[in-house]
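Source file: upload_33.csv; contents: CSV, C-alpha atoms and all ligand atoms.
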chain,number,residue,atom,x,y,z
A,1,MET,CA,-14.7,13.6,20.9
A,2,ARG,CA,-12.9,16.2,18.8
A,3,LYS,CA,-11.4,14.7,15.7
A,4,LYS,CA,-7.8,15.6,14.8
A,5,ARG,CA,-7.6,16.5,11.2
A,6,SER,CA,-3.8,16.4,11.4
A,7,LEU,CA,-4.1,12.7,12.3
A,8,GLY,CA,-6.5,11.9,9.4
A,9,GLN,CA,-9.3,11.2,11.8
A,10,ASN,CA,-12.2,10.7,9.5
A,11,PHE,CA,-14.1,7.9,11.2
A,12,LEU,CA,-16.3,5.4,9.3
A,13,THR,CA,-19.9,5.6,10.5
A,14,ASP,CA,-21.7,2.9,8.7
A,15,PRO,CA,-21.6,-0.5,10.5
A,16,ALA,CA,-22.7,-2.3,7.3
A,17,ILE,CA,-19.7,-1.0,5.4
A,18,ALA,CA,-17.4,-2.0,8.3
A,19,GLU,CA,-18.9,-5.5,8.2
A,20,GLU,CA,-18.3,-5.7,4.4
A,21,ILE,CA,-14.7,-4.7,4.8
A,22,VAL,CA,-14.0,-7.2,7.5
A,23,ALA,CA,-15.8,-9.9,5.5
A,24,HIS,CA,-13.6,-9.2,2.5
A,25,ALA,CA,-10.5,-9.4,4.7
A,26,GLN,CA,-11.1,-13.1,5.2
A,27,ILE,CA,-9.7,-13.2,8.7
A,28,GLU,CA,-8.0,-16.5,9.4
A,29,ASP,CA,-9.4,-18.3,12.3
A,30,GLY,CA,-7.0,-18.0,15.2
A,31,GLY,CA,-4.6,-15.8,13.2
A,32,THR,CA,-2.9,-12.5,14.1
A,33,VAL,CA,-4.2,-9.3,12.7
A,34,ILE,CA,-2.6,-5.9,12.8
A,35,GLU,CA,-5.1,-3.0,12.7
A,36,ILE,CA,-3.5,0.4,12.0
A,37,GLY,CA,-5.4,3.4,13.4
A,38,PRO,CA,-8.4,1.7,15.0
A,39,GLY,CA,-9.9,5.1,16.0
A,40,PRO,CA,-13.0,4.5,18.1
A,41,GLY,CA,-13.0,0.9,17.0
A,42,ILE,CA,-15.7,0.3,14.3
A,43,LEU,CA,-13.5,-2.4,12.6
A,44,THR,CA,-11.8,-3.5,15.8
A,45,GLY,CA,-14.9,-5.1,17.4
A,46,LEU,CA,-15.6,-7.1,14.2
A,47,LEU,CA,-12.0,-8.2,13.9
A,48,LEU,CA,-11.8,-9.4,17.5
A,49,GLU,CA,-14.8,-11.6,16.8
A,50,ARG,CA,-12.9,-13.4,14.1
A,51,CYS,CA,-9.1,-13.4,14.8
A,52,GLY,CA,-6.9,-15.1,17.4
A,53,LYS,CA,-5.0,-11.9,18.3
A,54,LEU,CA,-5.4,-8.3,17.4
A,55,ILE,CA,-2.4,-6.0,17.5
A,56,ALA,CA,-3.9,-2.4,17.3
A,57,LEU,CA,-1.5,0.5,16.6
A,58,GLU,CA,-3.1,3.8,17.5
A,59,ILE,CA,-1.1,7.0,17.8
A,60,ASP,CA,-3.6,9.2,19.6
A,61,PRO,CA,-3.5,8.7,23.4
A,62,LYS,CA,-7.2,9.8,23.8
A,63,LEU,CA,-8.3,7.1,21.4
A,64,CYS,CA,-6.1,4.6,23.1
A,65,HIS,CA,-7.9,5.4,26.4
A,66,LEU,CA,-11.3,5.0,24.7
A,67,LEU,CA,-10.2,1.7,23.0
A,68,ASN,CA,-9.0,0.3,26.3
A,69,LYS,CA,-12.3,1.1,27.9
A,70,ARG,CA,-14.1,-0.8,25.1
A,71,PHE,CA,-11.9,-3.8,24.5
A,72,LYS,CA,-9.4,-4.2,27.4
A,73,SER,CA,-11.4,-7.1,28.9
A,74,ASN,CA,-10.9,-9.1,25.6
A,75,PRO,CA,-7.7,-11.2,26.0
A,76,LYS,CA,-7.2,-11.1,22.2
A,77,PHE,CA,-6.8,-7.3,22.2
A,78,ASP,CA,-3.2,-6.0,22.3
A,79,LEU,CA,-3.2,-2.2,22.0
A,80,HIS,CA,0.0,-0.2,21.4
A,81,GLN,CA,0.1,3.6,21.4
A,82,ARG,CA,2.5,3.7,18.5
A,83,ASP,CA,3.2,5.4,15.2
A,84,ALA,CA,2.6,3.0,12.4
A,85,LEU,CA,5.3,4.8,10.4
A,86,VAL,CA,8.1,3.6,12.7
A,87,TYR,CA,6.6,0.4,14.2
A,88,ASP,CA,8.8,-2.7,13.7
A,89,TYR,CA,6.3,-5.1,12.1
A,90,SER,CA,8.6,-8.0,12.4
A,91,GLN,CA,8.1,-8.0,16.2
A,92,ALA,CA,4.4,-9.1,15.7
A,93,GLY,CA,5.8,-12.7,15.5
A,94,GLY,CA,4.9,-15.1,12.7
A,95,ARG,CA,2.8,-14.1,9.7
A,96,PHE,CA,-0.2,-11.8,10.1
A,97,GLN,CA,-2.9,-10.0,8.2
A,98,VAL,CA,-3.3,-6.2,8.1
A,99,VAL,CA,-6.6,-4.4,8.1
A,100,SER,CA,-6.8,-0.7,8.2
A,101,ASN,CA,-8.8,2.4,7.2
A,102,LEU,CA,-5.5,4.3,6.8
A,103,PRO,CA,-5.0,7.9,7.8
A,104,TYR,CA,-4.7,9.5,4.4
A,105,TYR,CA,-1.9,11.9,5.3
A,106,ALA,CA,0.4,9.0,6.0
A,107,ALA,CA,-1.2,6.3,3.7
A,108,MET,CA,1.6,6.1,1.2
A,109,PRO,CA,4.6,5.9,3.6
A,110,ILE,CA,2.7,3.4,5.8
A,111,LEU,CA,1.9,1.3,2.7
A,112,LYS,CA,5.6,1.4,1.6
A,113,ARG,CA,6.6,0.3,5.1
A,114,LEU,CA,4.2,-2.6,5.0
A,115,ILE,CA,5.5,-3.7,1.6
A,116,HIS,CA,9.0,-3.6,3.1
A,117,TYR,CA,7.8,-6.1,5.7
A,118,GLY,CA,5.9,-8.1,3.1
A,119,SER,CA,7.5,-11.5,4.0
A,120,HIS,CA,5.7,-11.3,7.4
A,121,ILE,CA,2.4,-10.4,5.9
A,122,ALA,CA,-0.2,-12.9,4.5
A,123,ASN,CA,-2.4,-10.1,3.0
A,124,MET,CA,-3.6,-6.5,3.6
A,125,THR,CA,-7.1,-5.1,3.3
A,126,LEU,CA,-6.7,-1.3,3.2
A,127,MET,CA,-9.0,1.6,2.7
A,128,LEU,CA,-7.3,4.5,0.9
A,129,GLN,CA,-8.1,7.6,-1.1
A,130,ARG,CA,-9.8,6.4,-4.3
A,131,GLU,CA,-7.3,8.2,-6.6
A,132,VAL,CA,-4.4,6.5,-4.8
A,133,VAL,CA,-6.1,3.1,-5.4
A,134,ASP,CA,-6.6,4.1,-9.0
A,135,ARG,CA,-2.8,4.4,-9.2
A,136,LEU,CA,-2.1,1.1,-7.4
A,137,VAL,CA,-4.3,-1.0,-9.7
A,138,ALA,CA,-3.6,0.8,-12.9
A,139,GLN,CA,-2.7,-1.1,-16.1
A,140,PRO,CA,0.0,0.0,-18.6
A,141,GLY,CA,-1.2,2.7,-21.0
A,142,SER,CA,-3.6,4.3,-18.5
A,143,ARG,CA,-3.2,7.8,-17.1
A,144,ASP,CA,-2.8,6.5,-13.5
A,145,TYR,CA,0.0,4.1,-14.3
A,146,GLY,CA,3.3,5.3,-12.8
A,147,SER,CA,6.3,4.3,-10.7
A,148,LEU,CA,4.1,3.8,-7.7
A,149,THR,CA,2.0,1.3,-9.7
A,150,VAL,CA,5.1,-0.6,-10.8
A,151,PHE,CA,6.6,-0.7,-7.3
A,152,THR,CA,3.4,-1.9,-5.8
A,153,GLN,CA,2.6,-4.5,-8.4
A,154,PHE,CA,6.1,-5.8,-8.5
A,155,HIS,CA,5.9,-6.6,-4.7
A,156,CYS,CA,2.2,-7.5,-4.4
A,157,GLU,CA,-0.8,-8.8,-6.2
A,158,VAL,CA,-3.4,-6.0,-6.0
A,159,GLU,CA,-7.2,-6.1,-6.3
A,160,ARG,CA,-9.7,-3.3,-5.8
A,161,ILE,CA,-12.5,-4.6,-3.6
A,162,MET,CA,-15.1,-1.9,-2.9
A,163,GLU,CA,-15.9,1.8,-3.1
A,164,VAL,CA,-16.8,3.9,-0.1
A,165,GLY,CA,-18.3,7.4,-0.6
A,166,LYS,CA,-17.1,10.3,1.5
A,167,LYS,CA,-20.6,10.7,3.2
A,168,ASN,CA,-19.9,7.5,5.2
A,169,PHE,CA,-17.3,9.2,7.4
A,170,ASP,CA,-17.4,11.7,10.2
A,171,PRO,CA,-16.3,14.3,9.4
A,172,PRO,CA,-16.6,13.6,5.6
A,173,PRO,CA,-13.2,13.9,3.9
A,174,LYS,CA,-12.9,15.8,0.6
A,175,VAL,CA,-12.4,12.7,-1.4
A,176,ASP,CA,-14.0,9.3,-1.9
A,177,SER,CA,-12.3,6.1,-0.8
A,178,SER,CA,-11.7,2.6,-2.1
A,179,VAL,CA,-10.7,-0.6,-0.3
A,180,ILE,CA,-7.9,-2.7,-1.8
A,181,ARG,CA,-6.5,-6.1,-1.1
A,182,LEU,CA,-2.8,-6.6,-1.4
A,183,VAL,CA,-1.1,-10.0,-1.2
A,184,PRO,CA,2.7,-9.7,-0.9
A,185,ARG,CA,4.4,-11.9,-3.6
A,186,SER,CA,6.6,-14.8,-2.4
A,187,ALA,CA,8.5,-14.5,-5.7
A,188,PRO,CA,9.0,-11.6,-8.1
A,189,PRO,CA,6.5,-11.6,-11.0
A,190,VAL,CA,9.3,-11.0,-13.6
A,191,GLU,CA,12.9,-12.0,-13.7
A,192,VAL,CA,15.1,-9.0,-12.7
A,193,ASP,CA,18.9,-9.3,-12.5
A,194,ASN,CA,19.4,-6.3,-10.2
A,195,LEU,CA,16.5,-4.8,-8.2
A,196,LYS,CA,18.2,-1.4,-7.8
A,197,THR,CA,18.8,-1.1,-11.5
A,198,PHE,CA,15.1,-2.1,-12.2
A,199,PHE,CA,13.8,0.7,-10.0
A,200,HIS,CA,16.4,3.2,-11.2
A,201,VAL,CA,15.1,2.5,-14.8
A,202,VAL,CA,11.5,2.7,-13.7
A,203,HIS,CA,12.0,6.1,-12.0
A,204,ALA,CA,13.9,7.5,-15.0
A,205,ALA,CA,11.2,6.3,-17.4
A,206,PHE,CA,8.5,8.2,-15.5
A,207,PHE,CA,10.6,11.2,-14.7
A,208,HIS,CA,8.6,13.4,-17.2
A,209,LYS,CA,5.4,11.4,-17.6
A,210,ARG,CA,4.5,12.7,-21.1
A,211,LYS,CA,8.0,12.3,-22.6
A,212,MET,CA,9.3,9.4,-24.7
A,213,LEU,CA,11.8,6.9,-23.3
A,214,LYS,CA,14.3,8.5,-25.7
A,215,ASN,CA,14.3,11.6,-23.5
A,216,ASN,CA,13.7,10.2,-20.1
A,217,LEU,CA,16.4,7.5,-20.3
A,218,LYS,CA,19.2,9.9,-21.3
A,219,SER,CA,20.0,10.4,-17.6
A,220,LEU,CA,20.9,6.7,-17.4
A,221,ALA,CA,23.8,7.1,-19.8
A,222,LYS,CA,26.0,8.2,-16.9
A,223,HIS,CA,25.6,4.7,-15.3
A,224,PHE,CA,25.0,2.3,-18.2
A,225,ASP,CA,26.6,1.8,-21.6
A,226,PHE,CA,23.5,1.3,-23.7
A,227,THR,CA,22.5,2.3,-27.2
A,228,TRP,CA,19.1,3.1,-28.6
A,229,GLN,CA,19.6,0.4,-31.2
A,230,GLY,CA,20.2,-2.1,-28.4
A,231,ILE,CA,16.9,-1.1,-26.7
A,232,GLU,CA,15.1,-1.4,-30.0
A,233,ASP,CA,16.7,-4.8,-30.6
A,234,ALA,CA,15.4,-5.9,-27.2
A,235,GLY,CA,11.9,-5.2,-28.6
A,236,ILE,CA,11.2,-1.8,-27.0
A,237,ASP,CA,10.7,1.2,-29.2
A,238,PRO,CA,12.5,4.3,-27.6
A,239,ALA,CA,9.7,6.5,-29.0
A,240,ARG,CA,7.3,4.9,-26.5
A,241,ARG,CA,6.4,6.5,-23.2
A,242,GLY,CA,7.2,4.8,-19.9
A,243,GLU,CA,3.5,4.6,-19.0
A,244,THR,CA,3.0,2.1,-21.8
A,245,LEU,CA,5.6,-0.4,-20.5
A,246,SER,CA,4.5,-3.6,-18.7
A,247,LEU,CA,6.4,-5.0,-15.8
A,248,GLU,CA,8.0,-7.6,-18.2
A,249,GLU,CA,9.2,-4.8,-20.5
A,250,PHE,CA,10.7,-2.8,-17.6
A,251,ALA,CA,12.5,-6.1,-16.6
A,252,THR,CA,13.8,-6.5,-20.1
A,253,LEU,CA,15.0,-2.9,-20.2
A,254,SER,CA,16.6,-3.1,-16.8
A,255,ASN,CA,18.3,-6.4,-17.5
A,256,LEU,CA,19.7,-4.9,-20.7
A,257,MET,CA,21.0,-1.9,-18.7
A,258,GLU,CA,22.5,-4.2,-16.0
A,259,SER,CA,24.4,-6.1,-18.7
A,260,LYS,CA,25.9,-2.8,-19.8
A,261,THR,CA,26.9,-1.5,-16.4
A,262,GLN,CA,29.9,0.8,-16.8
A,301,LIG,N1,-10.4,2.7,12.0
A,301,LIG,C1,-11.2,3.9,12.3
A,301,LIG,C2,-12.3,3.9,11.3
A,301,LIG,O1,-12.4,3.2,10.3
A,301,LIG,O2,-13.2,4.7,11.5
A,301,LIG,C3,-10.3,5.1,12.2
A,301,LIG,C4,-9.7,5.4,10.9
A,301,LIG,S1,-9.0,7.1,10.7
A,301,LIG,C5,-9.1,7.3,9.0
A,301,LIG,C6,-7.3,6.9,11.0
A,301,LIG,C7,-6.8,6.5,12.4
A,301,LIG,O3,-5.4,6.4,12.4
A,301,LIG,C8,-7.2,7.5,13.4
A,301,LIG,O4,-7.7,6.9,14.6
A,301,LIG,C9,-5.8,8.2,13.8
A,301,LIG,O5,-5.7,8.7,15.1
A,301,LIG,C10,-4.9,7.0,13.5
A,301,LIG,N2,-3.5,7.4,13.1
A,301,LIG,C11,-3.1,8.5,12.4
A,301,LIG,N3,-1.8,8.5,12.2
A,301,LIG,C12,-1.3,7.4,12.7
A,301,LIG,C13,0.0,6.8,12.8
A,301,LIG,N4,1.0,7.4,12.3
A,301,LIG,N5,0.1,5.6,13.5
A,301,LIG,C14,-1.0,5.0,14.0
A,301,LIG,N6,-2.2,5.5,14.0
A,301,LIG,C15,-2.4,6.7,13.3
Please lay out the structure from this file as structure tokens.
Amino acid sequence: MRKKRSLGQNFLTDPAIAEEIVAHAQIEDGGTVIEIGPGPGILTGLLLERCGKLIALEIDPKLCHLLNKRFKSNPKFDLHQRDALVYDYSQAGGRFQVVSNLPYYAAMPILKRLIHYGSHIANMTLMLQREVVDRLVAQPGSRDYGSLTVFTQFHCEVERIMEVGKKNFDPPPKVDSSVIRLVPRSAPPVEVDNLKTFFHVVHAAFFHKRKMLKNNLKSLAKHFDFTWQGIEDAGIDPARRGETLSLEEFATLSNLMESKTQ
């Protein structure tokens, strides 16, 4: 079958790696799993052996035809020819797990959408470009730490699980991959008075990555009545860069801004 590059069709070829990914996913006996982009089904067969119901979302009609041929006789298999970017995940009913080797062109918007539906999701085991995973798991002070890191770690616990080299795909992509496990949080990890303000501050702090807070936060003066002294008194040196601030410190900064809303 001709693979469509535009749909991120780099298929995993090593069954041992597929086994390892599914083992890490810790599929709950009898539970519902959503697989995004099953492709020809290297993960699908293994997931069906373990779960109670598999909702498979595949955008490509040719692959849907192939998947139906392989798995239609299995009553657990529930295939939808759908775009994972617009699918309403709340219709899956109850809580579910997500397992996917994501199409890289749409990985970030799909991940953001899944996080939006986090209250429905027990956990997600996702394969992504290695450099994206580097950003998702980054710690303050590292080069990869940015607003995507803060957004993801605010909403989910994240853990890098395994590395998969590009030679394990057909066709091989240009970059290596990593598998990550995300567990949506039931409560925020830090106390935030206003979520909108929190992310407003985070985005401002990273606007120019190499600049100090003193420069990046100037744009907030239109919305909040803060002083540099006030920020210093809250324990944050305005000469620091946004990339050094922990989630707690972003919460401190945003709660301070919120208390000074104009
Ligand atoms: N799961 C297979 C594997 O591991 O080999 C295929 C993974 S391949 C990287 C990504 C799959 O996602 C392809 O089958 C592609 O057709 C499908 N896909 C691409 N965009 C999609 C979208 N927006 N919604 C659902 N599936 C999509």
Nearest candidate to Tyr87 (chain A) (options A:Ile34, A:Arg70, A:Arg241, A:Leu48; using all atoms listed in the file):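 Checking each candidate against Tyr87 (chain A), we get A:Ile34 as the closest.
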Could you give me, as a list in words, the residues within 7 Å of region 143-152 of chain A, counting all atoms listed in the file and dropping anything in the same chain fewer than 4 positions from it? Asp134, Arg135, Leu136, Val137, Ala138, Gln139, Cys156, Val202, His203, Phe206, Glu243 and Leu247 of chain A
With only C-alpha atoms and all ligand atoms counted, collect every polymer residue having an atom within 7 Å of ligand LIG 301 (chain A); state the result as a PDB file with C-alpha atoms, in the frame of the given file.
ATOM      1  CA  LEU A   7      -4.100  12.700  12.300  1.00  0.00           C
ATOM      2  CA  GLY A   8      -6.500  11.900   9.400  1.00  0.00           C
ATOM      3  CA  GLN A   9      -9.300  11.200  11.800  1.00  0.00           C
ATOM      4  CA  ASN A  10     -12.200  10.700   9.500  1.00  0.00           C
ATOM      5  CA  PHE A  11     -14.100   7.900  11.200  1.00  0.00           C
ATOM      6  CA  LEU A  12     -16.300   5.400   9.300  1.00  0.00           C
ATOM      7  CA  THR A  13     -19.900   5.600  10.500  1.00  0.00           C
ATOM      8  CA  ILE A  36      -3.500   0.400  12.000  1.00  0.00           C
ATOM      9  CA  GLY A  37      -5.400   3.400  13.400  1.00  0.00           C
ATOM     10  CA  PRO A  38      -8.400   1.700  15.000  1.00  0.00           C
ATOM     11  CA  GLY A  39      -9.900   5.100  16.000  1.00  0.00           C
ATOM     12  CA  PRO A  40     -13.000   4.500  18.100  1.00  0.00           C
ATOM     13  CA  GLY A  41     -13.000   0.900  17.000  1.00  0.00           C
ATOM     14  CA  ILE A  42     -15.700   0.300  14.300  1.00  0.00           C
ATOM     15  CA  LEU A  43     -13.500  -2.400  12.600  1.00  0.00           C
ATOM     16  CA  LEU A  57      -1.500   0.500  16.600  1.00  0.00           C
ATOM     17  CA  GLU A  58      -3.100   3.800  17.500  1.00  0.00           C
ATOM     18  CA  ILE A  59      -1.100   7.000  17.800  1.00  0.00           C
ATOM     19  CA  ASP A  60      -3.600   9.200  19.600  1.00  0.00           C
ATOM     20  CA  LEU A  63      -8.300   7.100  21.400  1.00  0.00           C
ATOM     21  CA  ARG A  82       2.500   3.700  18.500  1.00  0.00           C
ATOM     22  CA  ASP A  83       3.200   5.400  15.200  1.00  0.00           C
ATOM     23  CA  ALA A  84       2.600   3.000  12.400  1.00  0.00           C
ATOM     24  CA  LEU A  85       5.300   4.800  10.400  1.00  0.00           C
ATOM     25  CA  SER A 100      -6.800  -0.700   8.200  1.00  0.00           C
ATOM     26  CA  ASN A 101      -8.800   2.400   7.200  1.00  0.00           C
ATOM     27  CA  LEU A 102      -5.500   4.300   6.800  1.00  0.00           C
ATOM     28  CA  PRO A 103      -5.000   7.900   7.800  1.00  0.00           C
ATOM     29  CA  TYR A 104      -4.700   9.500   4.400  1.00  0.00           C
ATOM     30  CA  ALA A 106       0.400   9.000   6.000  1.00  0.00           C
TER      31      ALA A 106
END
Taking a cut-off of 9 Å and counting only C-alpha atoms, can you build a table that, for each residue of region 18-103 of chain A near region 171-188 of chain A, reports the nearest atom pair and how far apart they are in Å (one decimal), sorted by chain then residue number, as a tab-separated table?
residue	atom	partner	partner_atom	distance
A:Ile21	CA	A:Val179	CA	7.7
A:His24	CA	A:Arg181	CA	8.5
A:Ala25	CA	A:Arg181	CA	7.8
A:Asn101	CA	A:Val179	CA	8.3
From the set A:Gly31, A:Ala204, A:Gln26, A:Phe96, which residue has the shortest atom-to-atom contact distance to Lys76 (chain A), counting all atoms listed in the file?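 So, comparing all the options, the nearest one is A:Gly31.
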Write out as an NGL selection string the residues lying within 10 Å of Glu28 (chain A), counting only C-alpha atoms and excluding same-chain residues fewer than 5 positions away. :A and (33 or 50-52 or 96-97 or 122)
Residues from last step as file, C-alpha atoms, as a CSV table (one decimal), in the frame of the given file:
chain,number,residue,atom,x,y,z
A,33,VAL,CA,-4.2,-9.3,12.7
A,50,ARG,CA,-12.9,-13.4,14.1
A,51,CYS,CA,-9.1,-13.4,14.8
A,52,GLY,CA,-6.9,-15.1,17.4
A,96,PHE,CA,-0.2,-11.8,10.1
A,97,GLN,CA,-2.9,-10.0,8.2
A,122,ALA,CA,-0.2,-12.9,4.5
Mind pulling up the distance from CA of Ile231 (chain A) to CA of Asn216 (chain A)?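 CA of Ile231 (chain A) lies 13.5 Å from CA of Asn216 (chain A).
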Select all residues near (2.6, 7.2, -20.7) (cut-off 6 Å, inclusive, file coordinates), counting all atoms listed in the file, and output them as number ranges by chain. A: 141, 209-210, 241-244
CA of Val99 (chain A) to CA of Glu35 (chain A): how many Å, to one decimal? 5.0 Å
Interatomic distance (Å, one decimal) between CA of Met212 (chain A) and CA of Asp193 (chain A):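 It comes out at 24.3 Å.
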Using all atoms listed in the file, what residues lie at most 10 Å away from (18.8, -2.9, -25.6) (file coordinates), given as a PDB file with C-alpha atoms, in the coordinates of the input?
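Result file follows (point.pdb):
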ATOM      1  CA  ASP A 225      26.600   1.800 -21.600  1.00  0.00           C
ATOM      2  CA  PHE A 226      23.500   1.300 -23.700  1.00  0.00           C
ATOM      3  CA  THR A 227      22.500   2.300 -27.200  1.00  0.00           C
ATOM      4  CA  TRP A 228      19.100   3.100 -28.600  1.00  0.00           C
ATOM      5  CA  GLN A 229      19.600   0.400 -31.200  1.00  0.00           C
ATOM      6  CA  GLY A 230      20.200  -2.100 -28.400  1.00  0.00           C
ATOM      7  CA  ILE A 231      16.900  -1.100 -26.700  1.00  0.00           C
ATOM      8  CA  GLU A 232      15.100  -1.400 -30.000  1.00  0.00           C
ATOM      9  CA  ASP A 233      16.700  -4.800 -30.600  1.00  0.00           C
ATOM     10  CA  ALA A 234      15.400  -5.900 -27.200  1.00  0.00           C
ATOM     11  CA  GLY A 235      11.900  -5.200 -28.600  1.00  0.00           C
ATOM     12  CA  ILE A 236      11.200  -1.800 -27.000  1.00  0.00           C
ATOM     13  CA  ASP A 237      10.700   1.200 -29.200  1.00  0.00           C
ATOM     14  CA  PRO A 238      12.500   4.300 -27.600  1.00  0.00           C
ATOM     15  CA  THR A 252      13.800  -6.500 -20.100  1.00  0.00           C
ATOM     16  CA  LEU A 253      15.000  -2.900 -20.200  1.00  0.00           C
ATOM     17  CA  SER A 254      16.600  -3.100 -16.800  1.00  0.00           C
ATOM     18  CA  ASN A 255      18.300  -6.400 -17.500  1.00  0.00           C
ATOM     19  CA  LEU A 256      19.700  -4.900 -20.700  1.00  0.00           C
ATOM     20  CA  MET A 257      21.000  -1.900 -18.700  1.00  0.00           C
ATOM     21  CA  SER A 259      24.400  -6.100 -18.700  1.00  0.00           C
ATOM     22  CA  LYS A 260      25.900  -2.800 -19.800  1.00  0.00           C
TER      23      LYS A 260
END
For Arg2 (chain A), the nearest of the candidates A:Tyr89, A:Leu111, A:Lys62, A:Arg130, counting all atoms listed in the file: A:Lys62
Between A:His65, A:Arg240, A:His155, A:Glu131, which residue has the minimum interatomic distance to Gly118 (chain A), considering all atoms listed in the file?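 Of A:His65, A:Arg240, A:His155, A:Glu131, the one nearest Gly118 (chain A) is A:His155, counting all atoms listed in the file.
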Pick the closest to Val164 (chain A) from A:Thr197, A:Gln129, A:Thr261, A:Asn68: which is it, counting all atoms listed in the file?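 Among the listed residues, the smallest separation from Val164 (chain A) belongs to A:Gln129.
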Taking only C-alpha atoms into account, which of A:Gly165, A:Ile110, A:Phe154, A:Ser73 comes nearest Leu195 (chain A)? A:Phe154
